[in-house]
file start-v7.txt (compact mmCIF, C-alpha atoms and all ligand atoms)
# COMPACT_ATOMS: atom_id res chain seq x y z
CA MET A 1 137.81 49.92 13.56
CA LYS A 2 138.98 51.49 10.26
CA PRO A 3 138.75 48.94 7.41
CA LEU A 4 142.07 47.73 6.03
CA THR A 5 143.46 49.64 3.06
CA ASP A 6 143.47 46.81 0.59
CA PHE A 7 146.55 46.54 -1.64
CA ARG A 8 146.10 42.78 -2.22
CA THR A 9 144.41 43.03 -5.61
CA ASP A 10 142.47 45.29 -7.98
CA THR A 11 139.54 42.84 -7.98
CA VAL A 12 138.39 44.45 -4.70
CA THR A 13 137.19 47.50 -6.65
CA ARG A 14 133.50 48.08 -6.07
CA PRO A 15 131.01 48.96 -8.83
CA THR A 16 130.38 52.68 -9.37
CA ALA A 17 126.94 54.28 -8.87
CA GLU A 18 126.62 54.41 -12.67
CA MET A 19 127.30 50.67 -12.87
CA LEU A 20 124.72 49.89 -10.19
CA ALA A 21 122.10 51.99 -11.99
CA ALA A 22 122.90 50.27 -15.31
CA MET A 23 122.66 46.87 -13.64
CA GLN A 24 119.22 47.69 -12.29
CA ALA A 25 118.00 48.92 -15.68
CA ALA A 26 119.52 46.01 -17.66
CA THR A 27 117.56 43.72 -19.96
CA GLN A 28 116.70 40.27 -18.57
CA GLY A 29 117.05 38.06 -21.64
CA ASP A 30 118.46 34.54 -21.49
CA ASP A 31 122.07 34.81 -22.67
CA SER A 32 122.28 31.08 -23.32
CA ARG A 33 118.96 30.50 -25.08
CA ASP A 34 117.99 33.50 -27.24
CA GLY A 35 120.78 35.94 -26.37
CA ASP A 36 120.44 38.97 -24.14
CA PRO A 37 120.71 42.47 -25.66
CA THR A 38 122.94 43.82 -22.85
CA VAL A 39 125.34 40.87 -23.06
CA ILE A 40 125.45 41.21 -26.84
CA LYS A 41 126.18 44.93 -26.45
CA LEU A 42 129.10 44.19 -24.09
CA GLU A 43 130.47 41.48 -26.41
CA THR A 44 130.21 43.80 -29.42
CA LEU A 45 131.90 46.65 -27.54
CA ALA A 46 134.66 44.32 -26.32
CA ALA A 47 135.25 43.07 -29.86
CA SER A 48 135.48 46.59 -31.21
CA ARG A 49 137.89 47.70 -28.43
CA THR A 50 140.18 44.79 -29.29
CA GLY A 51 139.75 44.96 -33.07
CA LYS A 52 138.27 41.47 -33.25
CA GLU A 53 135.12 40.26 -34.97
CA ALA A 54 133.31 38.87 -31.96
CA GLY A 55 133.30 38.53 -28.17
CA LEU A 56 132.04 36.00 -25.63
CA TYR A 57 131.18 37.02 -22.07
CA MET A 58 132.10 34.69 -19.21
CA PRO A 59 132.18 34.84 -15.41
CA SER A 60 135.96 34.91 -14.98
CA GLY A 61 139.36 35.38 -16.54
CA THR A 62 140.26 31.81 -15.67
CA MET A 63 137.27 30.59 -17.67
CA THR A 64 138.01 32.76 -20.70
CA ASN A 65 141.58 31.40 -20.78
CA LEU A 66 140.37 27.81 -20.41
CA VAL A 67 137.71 28.17 -23.10
CA ALA A 68 140.26 29.82 -25.40
CA VAL A 69 142.59 26.83 -24.99
CA LEU A 70 139.72 24.39 -25.59
CA ALA A 71 138.54 26.22 -28.70
CA HIS A 72 142.03 26.59 -30.17
CA THR A 73 143.27 23.07 -29.46
CA SER A 74 140.17 20.85 -29.37
CA ARG A 75 141.89 18.97 -26.56
CA ALA A 76 145.05 17.84 -28.34
CA GLY A 77 148.60 19.06 -28.62
CA GLU A 78 151.08 21.12 -26.71
CA VAL A 79 150.69 24.67 -25.43
CA LEU A 80 153.74 26.91 -25.08
CA LEU A 81 153.70 29.69 -22.54
CA GLU A 82 156.07 31.72 -20.40
CA ARG A 83 157.03 29.84 -17.26
CA SER A 84 155.56 32.29 -14.75
CA ALA A 85 152.28 32.68 -16.68
CA HIS A 86 149.08 32.94 -14.66
CA MET A 87 147.53 30.22 -16.84
CA LEU A 88 150.29 27.86 -15.78
CA ASN A 89 150.81 28.77 -12.14
CA THR A 90 147.51 30.02 -10.79
CA GLU A 91 144.73 28.40 -12.80
CA LEU A 92 145.05 25.06 -11.01
CA GLY A 93 146.17 22.97 -13.96
CA GLY A 94 142.97 23.57 -15.95
CA LEU A 95 145.09 23.42 -19.08
CA ALA A 96 145.89 19.77 -18.44
CA ALA A 97 143.05 18.69 -16.16
CA VAL A 98 140.18 20.15 -18.17
CA ALA A 99 141.49 21.17 -21.58
CA GLY A 100 143.45 17.90 -21.87
CA VAL A 101 146.55 19.48 -23.36
CA PHE A 102 150.12 19.28 -22.17
CA TYR A 103 152.34 22.30 -21.97
CA LYS A 104 155.92 23.45 -22.13
CA ALA A 105 157.04 26.34 -19.96
CA ILE A 106 159.34 28.75 -21.81
CA PRO A 107 161.90 30.80 -19.85
CA GLY A 108 161.37 34.52 -20.10
CA THR A 109 162.40 37.98 -18.98
CA ARG A 110 159.75 40.22 -17.46
CA GLY A 111 157.07 37.93 -18.85
CA ALA A 112 158.41 37.93 -22.41
CA MET A 113 159.36 34.46 -23.67
CA ASP A 114 162.95 33.98 -24.70
CA GLU A 115 162.86 33.94 -28.51
CA SER A 116 165.39 31.20 -29.09
CA ALA A 117 163.81 28.94 -26.44
CA LEU A 118 160.42 29.51 -28.03
CA ARG A 119 161.74 28.68 -31.52
CA GLU A 120 163.36 25.56 -30.14
CA ALA A 121 160.16 24.41 -28.43
CA ILE A 122 157.87 24.59 -31.46
CA ARG A 123 157.19 21.12 -32.77
CA PRO A 124 155.44 20.12 -35.96
CA MET A 125 152.67 17.58 -36.07
CA THR A 126 154.05 14.22 -37.18
CA ARG A 127 152.64 10.73 -37.28
CA ASN A 128 153.95 10.31 -33.72
CA ASN A 129 153.32 13.78 -32.33
CA PHE A 130 150.39 16.15 -31.99
CA GLY A 131 152.77 19.09 -32.35
CA THR A 132 152.43 22.59 -30.92
CA ALA A 133 148.76 23.49 -30.80
CA LEU A 134 148.85 26.96 -29.25
CA ILE A 135 151.19 29.68 -28.00
CA CYS A 136 150.02 31.94 -25.16
CA MET A 137 151.19 35.32 -23.94
CA GLU A 138 150.13 37.40 -20.93
CA ASN A 139 149.89 41.20 -20.97
CA THR A 140 150.23 42.80 -18.48
CA HIS A 141 152.18 40.02 -16.84
CA ASN A 142 151.05 39.41 -13.28
CA GLY A 143 153.93 37.16 -12.18
CA ALA A 144 156.42 39.63 -13.63
CA GLY A 145 155.04 42.42 -11.44
CA GLY A 146 152.65 43.96 -13.97
CA ALA A 147 155.30 44.12 -16.71
CA VAL A 148 154.11 45.16 -20.14
CA LEU A 149 155.11 43.01 -23.11
CA PRO A 150 156.82 45.14 -25.75
CA LEU A 151 154.74 45.28 -28.95
CA ALA A 152 157.77 44.14 -30.95
CA HIS A 153 157.92 40.98 -28.81
CA MET A 154 154.24 40.26 -29.38
CA GLN A 155 154.69 40.82 -33.10
CA MET A 156 157.68 38.45 -33.18
CA VAL A 157 155.70 35.71 -31.37
CA HIS A 158 152.65 36.15 -33.57
CA GLU A 159 154.67 36.07 -36.81
CA LEU A 160 156.66 33.05 -35.69
CA ALA A 161 153.45 31.23 -34.75
CA ARG A 162 151.80 32.16 -38.02
CA ARG A 163 154.72 30.79 -40.01
CA HIS A 164 154.11 27.44 -38.28
CA GLY A 165 150.31 27.61 -38.57
CA ILE A 166 149.93 27.86 -34.77
CA PRO A 167 147.30 30.12 -33.19
CA VAL A 168 148.17 32.63 -30.45
CA HIS A 169 146.06 33.46 -27.41
CA THR A 170 146.81 36.35 -25.07
CA ASP A 171 145.70 36.45 -21.45
CA GLY A 172 144.95 40.15 -21.25
CA ALA A 173 143.27 40.13 -17.85
CA ARG A 174 144.81 43.63 -17.52
CA LEU A 175 144.96 44.42 -21.24
CA PHE A 176 143.80 48.01 -20.72
CA ASN A 177 146.55 48.58 -18.16
CA ALA A 178 149.05 47.49 -20.80
CA ALA A 179 147.44 49.84 -23.32
CA ALA A 180 147.54 52.74 -20.84
CA ALA A 181 151.21 52.09 -20.07
CA LEU A 182 152.15 51.89 -23.76
CA GLY A 183 149.98 54.89 -24.62
CA VAL A 184 148.23 52.99 -27.41
CA PRO A 185 144.66 51.73 -27.91
CA ALA A 186 144.11 48.09 -26.92
CA VAL A 187 143.59 47.26 -30.61
CA ASP A 188 147.30 47.90 -31.19
CA ILE A 189 148.17 45.17 -28.70
CA ALA A 190 145.44 42.74 -29.73
CA ARG A 191 146.47 42.85 -33.39
CA HIS A 192 149.43 40.66 -32.39
CA THR A 193 147.30 37.78 -31.16
CA ASP A 194 144.49 35.68 -32.64
CA SER A 195 142.42 35.71 -29.47
CA VAL A 196 142.56 37.83 -26.36
CA CYS A 197 140.60 37.97 -23.15
CA PHE A 198 140.35 40.80 -20.66
CA CYS A 199 138.64 41.22 -17.30
CA VAL A 200 136.15 43.95 -16.51
CA SER A 201 136.31 42.88 -12.85
CA LYS A 202 139.82 44.07 -12.04
CA GLY A 203 140.94 47.72 -12.24
CA LEU A 204 137.92 48.45 -14.45
CA SER A 205 135.76 47.94 -11.32
CA ALA A 206 132.82 45.88 -12.63
CA PRO A 207 131.74 43.18 -10.18
CA VAL A 208 132.01 40.14 -12.49
CA GLY A 209 133.32 39.03 -15.81
CA SER A 210 135.78 38.65 -18.59
CA VAL A 211 135.32 38.74 -22.36
CA LEU A 212 137.06 36.46 -24.86
CA CYS A 213 137.52 38.12 -28.26
CA GLY A 214 138.56 36.70 -31.61
CA SER A 215 137.31 35.89 -35.08
CA ARG A 216 133.62 35.07 -35.53
CA ASP A 217 134.48 31.43 -36.32
CA PHE A 218 136.66 31.10 -33.24
CA ILE A 219 133.99 32.55 -30.95
CA GLU A 220 131.37 30.21 -32.43
CA ARG A 221 133.75 27.30 -31.68
CA ALA A 222 134.25 28.67 -28.16
CA ARG A 223 130.51 28.84 -27.34
CA PRO A 224 129.91 25.10 -26.81
CA PHE A 225 133.11 24.88 -24.76
CA ARG A 226 131.82 27.70 -22.54
CA ARG A 227 128.71 25.61 -22.01
CA MET A 228 130.82 22.50 -21.34
CA VAL A 229 132.70 24.16 -18.47
CA GLY A 230 129.51 25.58 -16.98
CA GLY A 231 129.92 29.12 -18.22
CA ASN A 232 126.58 29.46 -19.96
CA MET A 233 124.70 32.18 -18.16
CA ARG A 234 121.03 33.08 -18.11
CA GLN A 235 119.94 36.63 -17.13
CA ALA A 236 123.52 37.83 -17.42
CA GLY A 237 122.48 41.29 -18.64
CA SER A 238 122.45 42.46 -15.01
CA ILE A 239 126.19 41.90 -14.67
CA ALA A 240 127.15 42.62 -18.27
CA ALA A 241 125.63 46.10 -17.87
CA ALA A 242 128.37 46.98 -15.39
CA GLY A 243 130.98 45.70 -17.84
CA ILE A 244 129.73 48.13 -20.48
CA VAL A 245 130.02 51.05 -18.04
CA ALA A 246 133.48 49.75 -17.09
CA LEU A 247 134.67 49.91 -20.70
CA GLU A 248 133.05 53.28 -21.30
CA THR A 249 134.14 55.07 -18.13
CA MET A 250 136.98 53.27 -16.35
CA VAL A 251 139.67 52.77 -18.97
CA ASP A 252 141.04 56.32 -18.99
CA ARG A 253 141.58 56.42 -15.24
CA LEU A 254 143.89 53.36 -15.12
CA LYS A 255 146.84 55.72 -15.57
CA ASP A 256 146.03 57.09 -12.09
CA ASP A 257 146.57 53.59 -10.65
CA HIS A 258 149.91 53.42 -12.46
CA ALA A 259 150.92 56.81 -11.02
CA ALA A 260 149.99 55.57 -7.52
CA ALA A 261 152.10 52.45 -8.05
CA LYS A 262 155.07 54.57 -9.13
CA ARG A 263 154.65 56.84 -6.11
CA LEU A 264 154.63 53.76 -3.86
CA ALA A 265 157.72 52.30 -5.55
CA ALA A 266 159.64 55.57 -5.26
CA GLY A 267 158.77 55.88 -1.56
CA LEU A 268 159.75 52.28 -0.77
CA HIS A 269 162.97 52.62 -2.74
CA GLY A 270 163.77 55.65 -0.59
CA ILE A 271 163.56 53.47 2.55
CA ASN A 272 165.96 50.88 1.15
CA ALA A 273 167.03 50.37 -2.44
CA THR A 274 166.76 46.56 -2.16
CA LEU A 275 162.99 46.77 -1.63
CA VAL A 276 162.05 47.75 -5.17
CA ASN A 277 163.53 49.23 -8.31
CA PRO A 278 161.04 51.92 -9.40
CA ALA A 279 162.06 51.37 -13.03
CA ASP A 280 160.48 47.90 -12.83
CA VAL A 281 157.06 49.34 -12.07
CA GLU A 282 155.19 49.85 -15.33
CA THR A 283 151.54 49.47 -14.33
CA ASN A 284 149.53 48.92 -11.14
CA ILE A 285 151.51 46.08 -9.55
CA VAL A 286 154.53 46.60 -7.29
CA ARG A 287 156.62 43.59 -6.29
CA VAL A 288 158.60 44.35 -3.15
CA SER A 289 161.54 42.18 -2.10
CA VAL A 290 161.84 41.86 1.67
CA ARG A 291 164.70 39.34 1.57
CA ALA A 292 167.31 41.79 2.82
CA SER A 293 165.24 42.47 5.95
CA GLY A 294 165.85 38.99 7.37
CA ARG A 295 162.11 38.46 7.77
CA ASN A 296 159.84 36.64 5.37
CA ALA A 297 156.92 37.99 3.37
CA ALA A 298 154.27 36.44 5.63
CA GLN A 299 155.79 38.23 8.66
CA TRP A 300 155.85 41.50 6.72
CA ALA A 301 152.22 41.04 5.67
CA GLU A 302 151.28 40.58 9.34
CA GLU A 303 153.14 43.75 10.30
CA PHE A 304 151.34 45.68 7.56
CA SER A 305 148.01 44.23 8.65
CA ALA A 306 148.64 45.41 12.22
CA ARG A 307 148.97 48.92 10.72
CA GLY A 308 145.69 48.71 8.78
CA ILE A 309 147.22 47.70 5.43
CA ALA A 310 146.39 44.47 3.61
CA VAL A 311 149.06 43.19 1.26
CA SER A 312 149.71 39.72 -0.23
CA PRO A 313 152.92 37.73 -0.02
CA ALA A 314 153.86 36.92 -3.64
CA ASP A 315 156.40 34.31 -2.50
CA SER A 316 158.41 33.76 0.67
CA GLY A 317 160.66 36.75 -0.02
CA SER A 318 158.40 39.27 -1.70
CA LEU A 319 155.14 41.13 -1.31
CA ARG A 320 152.73 42.20 -4.01
CA PHE A 321 151.01 45.58 -3.80
CA VAL A 322 148.28 46.34 -6.33
CA THR A 323 146.93 49.87 -6.75
CA HIS A 324 143.35 50.54 -7.84
CA ARG A 325 140.46 53.01 -7.72
CA HIS A 326 140.13 52.92 -3.92
CA ILE A 327 143.82 53.65 -3.27
CA GLY A 328 144.64 57.36 -3.10
CA ASN A 329 147.91 59.18 -2.50
CA SER A 330 147.27 59.30 1.25
CA ASP A 331 146.90 55.49 1.31
CA VAL A 332 150.15 55.16 -0.63
CA ASP A 333 151.92 57.52 1.78
CA ALA A 334 150.54 55.59 4.77
CA ALA A 335 151.89 52.35 3.26
CA ILE A 336 155.32 53.95 2.77
CA ALA A 337 155.32 55.21 6.39
CA ALA A 338 154.29 51.75 7.64
CA CYS A 339 157.06 50.14 5.59
CA ALA A 340 159.64 52.55 7.03
CA GLU A 341 158.54 51.63 10.55
CA ILE A 342 158.62 47.87 9.86
CA TRP A 343 162.03 48.21 8.19
CA ARG A 344 163.44 50.04 11.25
CA LYS A 345 162.10 47.31 13.57
CA ARG A 346 163.79 44.47 11.68
C1 LIG A 401 146.99 37.61 -15.59
C2 LIG A 401 145.73 37.02 -15.06
N1 LIG A 401 145.04 36.16 -15.82
C3 LIG A 401 143.90 35.62 -15.40
C4 LIG A 401 143.38 35.91 -14.16
C5 LIG A 401 142.15 35.20 -13.71
O1 LIG A 401 141.04 36.02 -13.54
P1 LIG A 401 139.83 35.54 -12.62
O2 LIG A 401 140.24 35.78 -11.21
O3 LIG A 401 138.70 36.43 -13.07
O4 LIG A 401 139.58 34.12 -12.90
C6 LIG A 401 144.06 36.79 -13.32
C7 LIG A 401 143.54 37.12 -11.99
O5 LIG A 401 144.15 37.78 -11.20
C8 LIG A 401 145.27 37.36 -13.79
O6 LIG A 401 145.99 38.20 -13.03
call {"tool": "encode", "arguments": {"input": "start-v7.txt", "output": "structure tokens", "more": "lines below"}}
Ligand SMILES: Cc1ncc(COP(=O)(O)O)c(C=O)c1O
result
Amino acid sequence: MKPLTDFRTDTVTRPTAEMLAAMQAATQGDDSRDGDPTVIKLETLAASRTGKEAGLYMPSGTMTNLVAVLAHTSRAGEVLLERSAHMLNTELGGLAAVAGVFYKAIPGTRGAMDESALREAIRPMTRNNFGTALICMENTHNGAGGAVLPLAHMQMVHELARRHGIPVHTDGARLFNAAAALGVPAVDIARHTDSVCFCVSKGLSAPVGSVLCGSRDFIERARPFRRMVGGNMRQAGSIAAAGIVALETMVDRLKDDHAAAKRLAAGLHGINATLVNPADVETNIVRVSVRASGRNAAQWAEEFSARGIAVSPADSGSLRFVTHRHIGNSDVDAAIAACAEIWRKR
């Protein structure tokens, strides 16, 4: 049987032949004890691509976000973040359960926090209050269908935070998708945040890992927290090697994934305009509303699966398609044809 065409996520991307060769040839130092040259090379490259002084390699995006919160807050104070942020909705309460901070969800539009609500939520430290310890952004914004935060918004948040002496962390799991969509280097995004993490394991196709970048002092503070949450690795050069190839060879092609997503959105819009507004699709994520069909997202996902297409329900009334290196135009066209058939059957 033909394997499913997998639109559920870009983490399904497999390492390239070049990555596998680099992994085999990688150094085998102990990242935790003496440092490993390949890991150090990835961290240095990540820092230079984000314009920061230093980087810290970890197994996952969830861990880089958690360690960033720990290092910025030292387990006290309030974290402000947009209400549909991945850190808030999908990282299983690590903010509160592990980092020991409390949070305030700020309403937003397409992932960008409402400025007046954000201003209102900032609290100073007083004798009875820890105050706001950290503000977080997410770019691209997963819950907002891969929306890209405007640079002016990021600048506004960063300047506001700075005026209050509050650090800013950005969950840039798909930072290079945001950069591709804006047509700027990632440095131009990362300049509006004190720390940023990005994943090499998503559209960039490496098998494992995320890098947290920031000032040298911040990264030194983050190191013991990485150890605390079990993120200290040993012969991590084998996996870091693929991350280096990811940064060197996979960034430029992300625009192809965005073009595939736009092709998909245009095709689905042609079936019925309520399904998706193509103007909302900025990167490699397409949120499709199936509410008007009278059937829920789980039923739609089953129908797609019966036609060889894997897609995730995002909520009861919408599906999430993610394009990536293994999705070509013919796969997109097959998904559009399947959608037309399912729509007719409703
Ligand atoms: C915006 C965002 N942040 C963080 C993560 C977490 O990454 P990981 O799955 O590597 O923990 C994801 C994963 O999809 C994500 O989309």
call {"tool": "residues_near_ligand", "arguments": {"input": "start-v7.txt", "ligand": "ligand LIG 401 (chain A)", "cutoff": "7 Å", "atoms": "all atoms listed in the file", "output": "PyMOL selection string"}}
result
chain A and resi 60-63+86-87+138+140-142+171-174+199+201+209-210
call {"tool": "closest_atom_pairs", "arguments": {"input": "start-v7.txt", "of": "region 23-97 of chain A", "to": "region 143-160 of chain A", "cutoff": "10 Å", "atoms": "all atoms listed in the file", "output": "Markdown table"}}
result
| residue | atom | partner | partner_atom | distance |
| --- | --- | --- | --- | --- |
| A:Arg83 | CA | A:Gly143 | CA | 9.4 |
| A:Ser84 | CA | A:Gly143 | CA | 5.7 |
| A:Ala85 | CA | A:Gly143 | CA | 6.6 |
| A:His86 | CA | A:Gly143 | CA | 6.9 |
| A:Asn89 | CA | A:Gly143 | CA | 9.0 |
| A:Thr90 | CA | A:Gly143 | CA | 9.7 |
call {"tool": "closest_residue", "arguments": {"input": "start-v7.txt", "among": "A:Gln235, A:Asn177, A:Gln299, A:Thr170", "to": "Val69 (chain A)", "atoms": "all atoms listed in the file"}}
result
A:Thr170
call {"tool": "closest_residue", "arguments": {"input": "start-v7.txt", "among": "A:Val184, A:Thr27, A:Thr323, A:Ala68", "to": "Ile239 (chain A)", "atoms": "all atoms listed in the file"}}
result
A:Thr27
call {"tool": "closest_residue", "arguments": {"input": "start-v7.txt", "among": "A:Ala112, A:Ile189, A:Leu212, A:Val290", "to": "Ile271 (chain A)", "atoms": "all atoms listed in the file"}}
result
A:Val290
call {"tool": "atom_distance", "arguments": {"input": "start-v7.txt", "atom1": "CA of Leu80 (chain A)", "atom2": "CA of Ile122 (chain A)"}}
result
7.9 Å
call {"tool": "closest_residue", "arguments": {"input": "start-v7.txt", "among": "A:His258, A:Ala306, A:Met250, A:Val322", "to": "Thr16 (chain A)", "atoms": "all atoms listed in the file"}}
result
A:Met250
call {"tool": "atom_distance", "arguments": {"input": "start-v7.txt", "atom1": "CA of Val332 (chain A)", "atom2": "CA of Gly270 (chain A)"}}
result
13.6 Å
call {"tool": "decode", "arguments": {"input": "start-v7.txt", "residues": "region 200-209 of chain A", "atoms": "all heavy atoms", "output": "short mmCIF file (atom, residue, chain, number, x, y, z; two decimals), in the first residue's frame"}}
result
data_model
loop_
_atom_site.label_atom_id
_atom_site.label_comp_id
_atom_site.auth_asym_id
_atom_site.auth_seq_id
_atom_site.Cartn_x
_atom_site.Cartn_y
_atom_site.Cartn_z
N VAL A 200 16.05 22.80 14.33
CA VAL A 200 16.61 22.28 13.06
C VAL A 200 15.82 21.05 12.62
O VAL A 200 16.03 20.54 11.52
CB VAL A 200 18.12 21.95 13.19
CG1 VAL A 200 18.92 23.23 13.31
CG2 VAL A 200 18.40 21.02 14.37
N SER A 201 14.90 20.59 13.46
CA SER A 201 14.20 19.32 13.21
C SER A 201 12.88 19.48 12.46
O SER A 201 12.21 18.50 12.19
CB SER A 201 13.90 18.66 14.56
OG SER A 201 13.11 19.55 15.33
N LYS A 202 12.51 20.71 12.13
CA LYS A 202 11.22 20.89 11.46
C LYS A 202 11.49 21.00 9.95
O LYS A 202 12.06 20.08 9.40
CB LYS A 202 10.49 22.09 12.07
CG LYS A 202 10.26 21.85 13.58
CD LYS A 202 9.14 22.63 14.16
CE LYS A 202 8.64 21.97 15.43
NZ LYS A 202 9.56 21.95 16.57
N GLY A 203 11.09 22.09 9.30
CA GLY A 203 11.29 22.16 7.85
C GLY A 203 12.75 22.05 7.43
O GLY A 203 13.05 21.74 6.28
N LEU A 204 13.67 22.29 8.38
CA LEU A 204 15.10 22.23 8.02
C LEU A 204 15.61 20.78 7.93
O LEU A 204 16.76 20.55 7.56
CB LEU A 204 15.94 23.04 9.00
CG LEU A 204 15.66 24.55 9.05
CD1 LEU A 204 16.59 25.26 10.05
CD2 LEU A 204 15.82 25.19 7.67
N SER A 205 14.77 19.82 8.35
CA SER A 205 14.97 18.40 8.04
C SER A 205 16.00 17.62 8.85
O SER A 205 16.24 16.45 8.58
CB SER A 205 15.34 18.21 6.55
OG SER A 205 14.34 18.69 5.72
N ALA A 206 16.65 18.25 9.83
CA ALA A 206 17.56 17.45 10.68
C ALA A 206 16.71 16.54 11.58
O ALA A 206 15.55 16.86 11.85
CB ALA A 206 18.43 18.38 11.52
N PRO A 207 17.27 15.44 12.04
CA PRO A 207 16.43 14.52 12.83
C PRO A 207 16.09 15.04 14.23
O PRO A 207 15.01 14.73 14.75
CB PRO A 207 17.27 13.24 12.91
CG PRO A 207 18.66 13.63 12.58
CD PRO A 207 18.59 14.86 11.72
N VAL A 208 16.99 15.78 14.87
CA VAL A 208 16.79 16.16 16.28
C VAL A 208 17.35 17.55 16.56
O VAL A 208 18.43 17.87 16.08
CB VAL A 208 17.57 15.20 17.23
CG1 VAL A 208 17.34 15.58 18.70
CG2 VAL A 208 17.23 13.75 17.00
N GLY A 209 16.65 18.32 17.34
CA GLY A 209 17.32 19.44 17.98
C GLY A 209 16.82 20.83 17.74
O GLY A 209 16.14 21.15 16.77
#
